[in-house]
Amino acid sequence: AQIKKILRKDCFFGGISVILSDTKELVMGEMPWYVLCAVGGCLLVLFLSLESWLTPFLFMLGLLFPLVYNFGTNIFLGQVCFITASLAAVLQLGVTMDFSIFLLHRYDEEKAMENAICKTMSSITASSLTTIAGFLALCAMQLMLGADLGIVMAKGVALGVICTIVILPSLILFFDKWVEKYRHRTFM
């Protein structure tokens, strides 16, 4: 950054440090767009496939908690690679969204949240453990990015399960009247 300040406009320099610096700047600048595209795509699919206009927003709110917890607990890892930081939010959203869908469908069938949680727990636990194992397998890579991404994502999936079982049911029950009020037919 200091060398760039010194150089004239018509001068260029290269090397691995420059490439890493430019890549980091590019990725961090585009990260909000990655997240916006992922959230927009998920919302579109959820609007088309769920029976209430409000439920997709509840899912996004419910997934906000594990995202914040995951990024907050990264402080214990010391430094997290910028590539991991840019990918983790989108990956965590995609990997853990189905937990919310399982819980909602079971709640719609049972109309008792306690039963829905108990019956959903076994399926999302099995699903999450296989996903966590897959991410932890990345830790075997010699490239440190694998370990970095593996640990952050395994932690994110575990936090996603916990928040799906603890926070999302509260949101669903609290907003249940409004969810019912804004029901529509599914398009998918």
# chains A, B, ... in the order shown; residues from 1 in each chain; ligands from 1
$ residues_around --residues "Leu63 (chain A)" --least-positions-apart "5" --cutoff "8 Å" --atoms "only C-alpha atoms" --output "VMD selection string"
chain A and resid 93 96 to 97 160 163 to 164
$ write_last_selection --atoms "N, CA, C and O atoms" --output "PDB file, in the first residue's frame"
ATOM      1  N   LEU A  93     -25.208 -20.168   4.992  1.00  0.00           N
ATOM      2  CA  LEU A  93     -26.602 -19.958   4.618  1.00  0.00           C
ATOM      3  C   LEU A  93     -27.127 -21.138   3.809  1.00  0.00           C
ATOM      4  O   LEU A  93     -28.195 -21.689   4.103  1.00  0.00           O
ATOM      5  N   THR A  96     -27.173 -24.619   5.987  1.00  0.00           N
ATOM      6  CA  THR A  96     -28.057 -24.755   7.147  1.00  0.00           C
ATOM      7  C   THR A  96     -29.512 -24.364   6.896  1.00  0.00           C
ATOM      8  O   THR A  96     -30.346 -24.548   7.776  1.00  0.00           O
ATOM      9  N   MET A  97     -29.823 -23.852   5.724  1.00  0.00           N
ATOM     10  CA  MET A  97     -31.203 -23.435   5.444  1.00  0.00           C
ATOM     11  C   MET A  97     -32.181 -24.600   5.543  1.00  0.00           C
ATOM     12  O   MET A  97     -33.305 -24.439   6.022  1.00  0.00           O
ATOM     13  N   GLY A 160     -25.604 -23.445  13.580  1.00  0.00           N
ATOM     14  CA  GLY A 160     -26.862 -23.424  12.835  1.00  0.00           C
ATOM     15  C   GLY A 160     -27.877 -24.399  13.408  1.00  0.00           C
ATOM     16  O   GLY A 160     -29.066 -24.085  13.516  1.00  0.00           O
ATOM     17  N   CYS A 163     -29.111 -23.005  16.851  1.00  0.00           N
ATOM     18  CA  CYS A 163     -30.033 -21.878  16.683  1.00  0.00           C
ATOM     19  C   CYS A 163     -31.358 -22.316  16.057  1.00  0.00           C
ATOM     20  O   CYS A 163     -32.404 -21.743  16.358  1.00  0.00           O
ATOM     21  N   THR A 164     -31.324 -23.339  15.205  1.00  0.00           N
ATOM     22  CA  THR A 164     -32.563 -23.861  14.623  1.00  0.00           C
ATOM     23  C   THR A 164     -33.430 -24.490  15.699  1.00  0.00           C
ATOM     24  O   THR A 164     -34.657 -24.402  15.641  1.00  0.00           O
TER      25      THR A 164
END
$ closest_atom_pairs --of "region 81-119 of chain A" --to "region 24-29 of chain A" --cutoff "10 Å" --atoms "only C-alpha atoms" --output "CSV"
residue,atom,partner,partner_atom,distance
A:Cys81,CA,A:Lys24,CA,9.5
A:Phe82,CA,A:Lys24,CA,6.5
A:Ile83,CA,A:Val27,CA,7.4
A:Ala85,CA,A:Met28,CA,8.6
A:Ser86,CA,A:Met28,CA,6.7
A:Leu87,CA,A:Val27,CA,9.6
$ residues_around --residues "Gly62 (chain A)" --least-positions-apart "6" --cutoff "12 Å" --atoms "only C-alpha atoms" --output "MDAnalysis selection string"
chainID A and resid 55:56 68:69 93 96:97 99:101 103:104 159:172
$ atom_distance --atom1 "CA of Leu48 (chain A)" --atom2 "CA of Phe187 (chain A)"
4.9 Å
$ closest_residue --among "A:Phe135, A:Lys5, A:Leu58, A:Leu64" --to "Leu173 (chain A)" --atoms "only C-alpha atoms"
A:Leu58
$ atom_distance --atom1 "CA of Thr131 (chain A)" --atom2 "CA of Gly94 (chain A)"
11.8 Å
$ closest_residue --among "A:Ala126, A:Val179, A:Val95, A:Ala158" --to "Glu51 (chain A)" --atoms "only C-alpha atoms"
A:Val179
$ atom_distance --atom1 "CA of Ala133 (chain A)" --atom2 "CA of Gly150 (chain A)"
9.1 Å
